[in-house]
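Q: Below is the file target_7.txt, with compact mmCIF, C-alpha atoms.
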# COMPACT_ATOMS: atom_id res chain seq x y z
CA VAL Y 1 -132.65 -198.52 67.90
CA LEU Y 2 -130.57 -196.40 65.55
CA ARG Y 3 -131.03 -192.73 66.24
CA VAL Y 4 -128.81 -190.00 64.85
CA PRO Y 5 -127.12 -189.13 68.16
CA THR Y 6 -126.47 -192.82 68.90
CA VAL Y 7 -125.05 -193.48 65.46
CA LEU Y 8 -122.76 -190.47 65.49
CA ARG Y 9 -121.52 -190.75 69.05
CA TYR Y 10 -118.06 -192.27 69.15
CA ARG Y 11 -115.46 -190.80 71.43
CA GLY Y 12 -116.32 -187.12 71.56
CA ARG Y 13 -114.76 -183.86 70.36
CA GLU Y 14 -112.65 -183.46 67.20
CA GLY Y 15 -112.03 -187.17 66.87
CA MET Y 16 -115.76 -187.91 66.96
CA LEU Y 17 -116.62 -185.20 64.43
CA ALA Y 18 -113.78 -186.35 62.16
CA TRP Y 19 -115.07 -189.91 62.38
CA ALA Y 20 -118.74 -188.95 61.80
CA PHE Y 21 -117.87 -186.83 58.74
CA HIS Y 22 -115.61 -189.59 57.46
CA ARG Y 23 -118.42 -192.12 57.68
CA ILE Y 24 -121.07 -189.82 56.17
CA SER Y 25 -118.79 -188.75 53.30
CA GLY Y 26 -117.74 -192.36 52.75
CA ILE Y 27 -121.33 -193.59 52.44
CA GLY Y 28 -122.15 -190.69 50.12
CA ILE Y 29 -119.15 -191.42 47.87
CA PHE Y 30 -120.07 -195.11 47.86
CA ALA Y 31 -123.58 -194.23 46.64
CA PHE Y 32 -122.16 -192.02 43.91
CA VAL Y 33 -119.68 -194.69 42.79
CA VAL Y 34 -122.57 -197.15 42.32
CA LEU Y 35 -124.40 -194.57 40.19
CA HIS Y 36 -121.24 -193.55 38.31
CA VAL Y 37 -120.19 -197.07 37.28
CA ILE Y 38 -123.72 -197.63 35.96
CA ASP Y 39 -123.80 -194.32 34.03
CA ILE Y 40 -120.36 -195.00 32.54
CA TYR Y 41 -121.59 -198.44 31.51
CA LEU Y 42 -124.10 -196.59 29.31
CA VAL Y 43 -121.19 -195.16 27.27
CA GLY Y 44 -120.95 -198.60 25.70
CA GLY Y 45 -124.47 -199.88 26.34
CA ASN Y 46 -126.64 -196.88 25.43
CA PRO Y 47 -124.66 -193.75 24.40
CA GLU Y 48 -127.79 -191.64 23.77
CA LEU Y 49 -129.04 -192.26 27.30
CA TYR Y 50 -125.55 -191.52 28.65
CA ASP Y 51 -125.55 -188.15 26.89
CA GLU Y 52 -128.91 -187.38 28.50
CA VAL Y 53 -127.52 -188.21 31.95
CA LEU Y 54 -124.54 -186.00 31.10
CA GLU Y 55 -126.91 -183.09 30.46
CA PHE Y 56 -128.02 -183.39 34.06
CA TYR Y 57 -124.41 -183.53 35.30
CA ALA Y 58 -123.67 -180.34 33.34
CA SER Y 59 -126.81 -178.54 34.58
CA LEU Y 60 -126.89 -176.17 37.52
CA PRO Y 61 -128.36 -178.68 40.06
CA GLY Y 62 -125.90 -181.26 38.74
CA ARG Y 63 -122.98 -178.91 39.31
CA VAL Y 64 -124.11 -178.10 42.85
CA MET Y 65 -124.14 -181.84 43.54
CA GLU Y 66 -120.66 -182.17 42.03
CA VAL Y 67 -119.40 -179.47 44.40
CA VAL Y 68 -120.87 -181.45 47.31
CA LEU Y 69 -119.35 -184.67 45.94
CA GLY Y 70 -115.96 -183.01 45.47
CA GLY Y 71 -116.12 -181.67 49.02
CA ALA Y 72 -116.96 -185.12 50.40
CA LEU Y 73 -114.13 -186.64 48.36
CA LEU Y 74 -111.59 -184.03 49.46
CA TYR Y 75 -112.60 -184.31 53.11
CA HIS Y 76 -112.52 -188.11 53.03
CA ALA Y 77 -109.09 -188.06 51.32
CA LEU Y 78 -107.52 -185.52 53.69
CA ASN Y 79 -109.00 -187.03 56.83
CA GLY Y 80 -108.00 -190.48 55.64
CA LEU Y 81 -104.43 -189.29 55.32
CA ARG Y 82 -104.66 -187.83 58.82
CA ILE Y 83 -105.86 -191.20 60.12
CA ILE Y 84 -102.96 -193.00 58.40
CA ILE Y 85 -100.42 -190.55 59.87
CA LEU Y 86 -101.84 -191.15 63.35
CA ASP Y 87 -101.82 -194.92 62.77
CA LEU Y 88 -98.23 -195.04 61.58
CA TRP Y 89 -96.82 -192.50 64.05
CA PRO Y 90 -98.95 -192.65 67.22
CA SER Y 91 -96.70 -190.02 68.82
CA MET Y 92 -98.25 -187.52 66.35
CA THR Y 93 -101.42 -187.84 68.42
CA VAL Y 94 -100.24 -185.00 70.65
CA PHE Y 95 -100.74 -182.73 67.60
CA HIS Y 96 -104.10 -184.20 66.65
CA ARG Y 97 -106.03 -180.96 67.18
CA GLY Y 98 -103.53 -178.99 65.12
CA MET Y 99 -103.72 -181.59 62.35
CA TRP Y 100 -107.51 -181.34 62.39
CA TRP Y 101 -107.41 -177.58 61.82
CA ALA Y 102 -104.55 -177.81 59.32
CA MET Y 103 -106.66 -180.27 57.39
CA TRP Y 104 -109.54 -177.78 57.24
CA ALA Y 105 -107.13 -175.07 56.06
CA ILE Y 106 -106.02 -177.32 53.18
CA PHE Y 107 -109.67 -178.20 52.53
CA ILE Y 108 -110.60 -174.52 52.14
CA VAL Y 109 -107.52 -173.61 50.09
CA LEU Y 110 -108.12 -176.44 47.59
CA GLY Y 111 -111.90 -176.69 47.85
CA VAL Y 112 -113.01 -173.10 47.31
CA PRO Y 113 -111.15 -172.61 43.98
CA GLY Y 114 -112.34 -176.08 42.91
CA ALA Y 115 -115.96 -175.18 43.66
CA LEU Y 116 -115.57 -171.90 41.74
CA ILE Y 117 -114.19 -173.74 38.70
CA ILE Y 118 -117.07 -176.24 38.70
CA MET Y 119 -119.58 -173.39 39.02
CA ARG Y 120 -117.94 -171.26 36.31
CA PRO Y 121 -120.95 -171.37 33.94
CA VAL Y 122 -122.83 -169.47 36.66
CA TRP Y 123 -120.44 -166.62 37.38
CA LEU Y 124 -118.50 -166.35 34.12
CA PRO Y 125 -121.40 -164.91 32.04
CA TRP Y 126 -122.27 -162.72 34.97
CA LEU Y 127 -118.78 -161.20 35.01
CA GLN Y 128 -118.94 -160.82 31.24
CA ASP Y 129 -122.28 -159.00 31.53
CA LEU Y 130 -120.65 -156.58 33.92
CA GLY Y 131 -117.92 -155.99 31.38
CA LEU Y 132 -115.22 -157.30 33.69
CA LEU Y 133 -114.02 -159.97 31.27
CA MET N 1 -96.60 -189.83 77.30
CA GLN N 2 -100.35 -189.41 77.55
CA LEU N 3 -102.13 -190.15 74.27
CA SER N 4 -105.47 -188.50 73.71
CA PRO N 5 -108.27 -191.07 73.82
CA TYR N 6 -110.26 -188.96 71.33
CA SER N 7 -108.11 -188.88 68.29
CA ARG N 8 -107.26 -192.42 67.30
CA ALA N 9 -109.16 -193.92 64.42
CA ARG N 10 -110.11 -197.56 64.24
CA PRO N 11 -107.19 -199.32 65.96
CA ARG N 12 -105.28 -202.02 64.18
CA PRO N 13 -107.10 -205.27 65.00
CA VAL N 14 -105.26 -207.84 67.05
CA GLY N 15 -105.93 -211.57 67.09
CA SER N 16 -107.48 -211.95 63.66
CA ARG N 17 -105.16 -212.27 60.71
CA ARG N 18 -107.98 -211.59 58.26
CA GLU N 19 -109.08 -208.40 60.02
CA THR N 20 -105.47 -207.21 60.18
CA ILE N 21 -105.10 -207.70 56.43
CA VAL N 22 -108.37 -205.80 55.84
CA TRP N 23 -107.10 -202.99 58.10
CA TYR N 24 -103.88 -202.65 56.09
CA MET N 25 -105.66 -202.97 52.73
CA MET N 26 -108.02 -200.13 53.66
CA ARG N 27 -105.00 -197.88 54.22
CA ILE N 28 -103.09 -198.99 51.13
CA THR N 29 -106.11 -198.62 48.82
CA GLY N 30 -106.92 -195.33 50.58
CA VAL N 31 -103.53 -193.87 49.63
CA MET N 32 -103.95 -195.20 46.09
CA LEU N 33 -107.34 -193.52 45.80
CA PHE N 34 -105.94 -190.30 47.25
CA VAL N 35 -103.99 -190.06 43.99
CA LEU N 36 -106.28 -191.92 41.55
CA ALA N 37 -109.67 -190.52 42.59
CA LEU N 38 -108.57 -186.94 43.31
CA ALA N 39 -106.67 -186.76 39.99
CA HIS N 40 -109.67 -188.28 38.19
CA PHE N 41 -112.07 -185.74 39.75
CA SER N 42 -109.68 -182.86 39.01
CA ILE N 43 -109.10 -183.83 35.37
CA TYR N 44 -112.80 -184.21 34.55
CA HIS N 45 -114.04 -181.17 36.46
CA PHE N 46 -111.24 -178.64 36.38
CA ILE N 47 -109.37 -179.33 33.11
CA TRP N 48 -112.36 -180.61 31.14
CA ASP N 49 -115.92 -179.53 31.78
CA PRO N 50 -118.68 -182.13 32.34
CA ALA N 51 -120.60 -180.59 29.43
CA GLU N 52 -117.88 -181.75 26.99
CA GLN N 53 -117.71 -185.36 28.08
CA THR N 54 -120.17 -187.04 25.74
CA ALA N 55 -120.08 -190.78 25.11
CA GLU N 56 -118.14 -190.04 21.91
CA PHE N 57 -115.58 -187.97 23.85
CA ILE N 58 -114.99 -190.81 26.28
CA ILE N 59 -114.46 -193.34 23.50
CA THR N 60 -112.35 -191.18 21.19
CA GLU N 61 -110.36 -189.03 23.64
CA ARG N 62 -110.26 -190.67 27.02
CA TRP N 63 -110.17 -194.38 26.29
CA ASN N 64 -108.29 -193.93 23.05
CA GLN N 65 -105.13 -194.18 25.12
CA LEU N 66 -104.42 -197.49 26.78
CA PHE N 67 -102.84 -195.66 29.71
CA TRP N 68 -106.13 -193.96 30.64
CA ARG N 69 -108.06 -197.15 30.05
CA GLY N 70 -105.72 -198.94 32.46
CA TYR N 71 -105.97 -196.01 34.88
CA THR N 72 -109.77 -196.20 34.86
CA TRP N 73 -109.72 -199.94 35.43
CA LEU N 74 -107.16 -199.73 38.26
CA MET N 75 -109.28 -197.02 39.88
CA LEU N 76 -112.40 -199.21 39.50
CA MET N 77 -110.62 -202.12 41.23
CA THR N 78 -109.30 -199.91 44.02
CA VAL N 79 -112.61 -198.15 44.67
CA LEU N 80 -114.50 -201.44 44.72
CA PHE N 81 -112.03 -202.80 47.26
CA HIS N 82 -111.93 -199.70 49.47
CA GLY N 83 -115.59 -198.74 49.18
CA TRP N 84 -116.87 -202.25 49.74
CA LEU N 85 -114.65 -203.05 52.70
CA GLY N 86 -115.61 -199.66 54.14
CA MET N 87 -119.31 -200.40 53.75
CA ARG N 88 -118.69 -203.81 55.33
CA THR N 89 -117.38 -202.01 58.41
CA VAL N 90 -120.49 -199.80 58.45
CA VAL N 91 -122.79 -202.83 58.13
CA LEU N 92 -120.94 -204.70 60.91
CA ASP N 93 -121.26 -201.62 63.15
CA TYR N 94 -125.00 -201.10 62.74
CA PHE N 95 -126.59 -204.48 61.98
CA HIS N 96 -126.36 -207.09 64.68
CA ARG N 97 -129.05 -209.61 63.84
CA PRO N 98 -127.04 -212.41 62.19
CA ARG N 99 -129.36 -213.22 59.30
CA LEU N 100 -130.03 -209.57 58.46
CA ARG N 101 -126.33 -208.77 58.64
CA THR N 102 -125.40 -211.70 56.40
CA GLY N 103 -128.15 -210.79 53.94
CA ILE N 104 -127.01 -207.17 53.67
CA LEU N 105 -123.38 -208.24 53.25
CA TRP N 106 -124.32 -210.65 50.45
CA PHE N 107 -126.31 -207.92 48.74
CA LEU N 108 -123.32 -205.57 49.08
CA TYR N 109 -120.85 -208.08 47.64
CA GLY N 110 -123.26 -209.03 44.86
CA LEU N 111 -123.59 -205.37 43.91
CA GLY N 112 -119.80 -205.05 43.91
CA ILE N 113 -119.36 -208.06 41.61
CA PHE N 114 -122.08 -206.70 39.31
CA LEU N 115 -120.30 -203.32 39.07
CA LEU N 116 -116.96 -205.08 38.55
CA ILE N 117 -118.43 -206.97 35.59
CA ILE N 118 -120.22 -204.06 33.87
CA GLY N 119 -117.33 -201.66 34.59
CA THR N 120 -114.72 -204.04 33.18
CA GLN N 121 -116.92 -204.77 30.18
CA VAL N 122 -117.47 -201.12 29.25
CA ILE N 123 -113.76 -200.29 29.55
CA PHE N 124 -112.55 -203.23 27.49
CA GLN N 125 -115.30 -203.40 24.88
CA ALA N 126 -114.48 -199.88 23.68
CA PRO N 127 -112.87 -199.97 20.22
CA LEU N 128 -109.12 -200.42 20.19
CA PRO N 129 -107.14 -197.19 20.12
CA VAL N 130 -106.86 -195.63 16.69
CA GLU N 131 -103.44 -194.21 15.93
CA GLY N 132 -103.62 -190.42 15.75
CA ALA N 133 -107.36 -190.20 16.39
CA ALA N 134 -106.90 -188.11 19.52
CA ALA N 135 -104.97 -185.49 17.57
CA GLN N 136 -107.81 -184.68 15.19
Could you rewrite the structure in this file as structure tokens?

A:
Amino acid sequence: VLRVPTVLRYRGREGMLAWAFHRISGIGIFAFVVLHVIDIYLVGGNPELYDEVLEFYASLPGRVMEVVLGGALLYHALNGLRIIILDLWPSMTVFHRGMWWAMWAIFIVLGVPGALIIMRPVWLPWLQDLGLL
Amino acid sequence: MQLSPYSRARPRPVGSRRETIVWYMMRITGVMLFVLALAHFSIYHFIWDPAEQTAEFIITERWNQLFWRGYTWLMLMTVLFHGWLGMRTVVLDYFHRPRLRTGILWFLYGLGIFLLIIGTQVIFQAPLPVEGAAAQ
């Protein structure tokens, strides 16, 4: 029987969380890639329908989903690199906790500005209304 | 030296040449996607805005240059490889009944081949680059 705690239990602590997030983000990105190849196919197959899909991507709910997608992508990329470093240089394992937190620092530093840029249609007019821009 | 038992990822398989190749390919395609997919996401969300990327934009701006057409196709190949081998690992972890497992894997590979065909078709059926069209 697959229950959430069973599925996500691996070896405990940071390594387990890293692994669980890696798997969840990976499955999520996989699902989006399936959708994305199909929607890009419409560029050639049915451009009008593609432009309608694009309207959703450019809408507010679409942008929130893109922030989530970008976060999953960035996490999966950074954690994947961490895995490769540990695979190639096993002696780095003594620093694994430090690498885990360093990865989250990079995630925040790159991810927060990225999320703000994607959401700019929300806050840009708001700043302009306040006369700040 | 004591290595933490918590931090290692999936260890490199021993005993199966095929699984060892898959293990290395996951890492090689992973590094490729670190560049290809993150650059792709950044270009089309931070430099351009999704609202601008109509079908016409993709044909006349993005795929007007053979470099970006090749980039898109290389990324498609890499993501199909990495994503599908990754999902294979997930399926092997969670589905143990042989017929169910085989059925899901066939569905997965079929879906991958389908996306390979439609993705390749849409990239290469786009009109050939027009000299100077991007500069308009």

Q: For range 110-120 of chain Y, work out the shell of residues within 10 Å, counting all atoms listed in the file and skipping chain neighbours fewer than 4 positions away, then give it as a PyMOL selection string.

A: (chain Y and resi 58-60+63-64+66-68+70-71+74-75+104-106+124-126) or (chain N and resi 42+44-50)

Q: Find the residues of chain Y in contact range of chain N, meaning any atom within 9 Å when counting only C-alpha atoms, and list them as a PyMOL selection string.

A: chain Y and resi 2+7+10-16+18-19+23+26-27+29-30+33-34+37-38+40-48+50-51+54-55+57-59+63+66+70+73-74+77-78+80-81+83-84+86-87+90-91+93-94+96-97+114+117-118

Q: Give the padded box for range 87-95 of chain Y as lines of an AutoDock Vina configuration file: axis-aligned, covering all atoms listed in the file, 4 Å on each side, centre and edge lengths in Å to one decimal.

A:
center_x = -99.3
center_y = -188.9
center_z = 66.1
size_x = 13.1
size_y = 20.3
size_z = 17.1

Q: Which polymer residues have any atom within 12 Å of an atom of Pro13 in chain N, counting only C-alpha atoms, with same-chain residues fewer than 5 positions away left out, as number ranges by chain?

A: Y: 87; N: 18-24

Q: Which residue is closest to Leu17 in chain Y? Choose from Y:Met92, Y:Asn79, Y:Ile108, Y:Trp123 and count all atoms listed in the file.

A: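 Ranking Y:Met92, Y:Asn79, Y:Ile108, Y:Trp123 by distance to Leu17 in chain Y, first place goes to Y:Asn79.
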
Q: When you draw a straight line from CA of Phe56 in chain Y to CA of His36 in chain Y, how long is it in Å?

A: 12.9 Å

Q: Which distance in Å separates CA of Met99 in chain Y and CA of Ile85 in chain Y, to one decimal?

A: 9.9 Å

Q: How far is it from CA of Ala102 in chain Y to CA of Gly28 in chain Y, in Å with one decimal?

A: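 Calculated distance between CA of Ala102 in chain Y and CA of Gly28 in chain Y is 23.7 Å.
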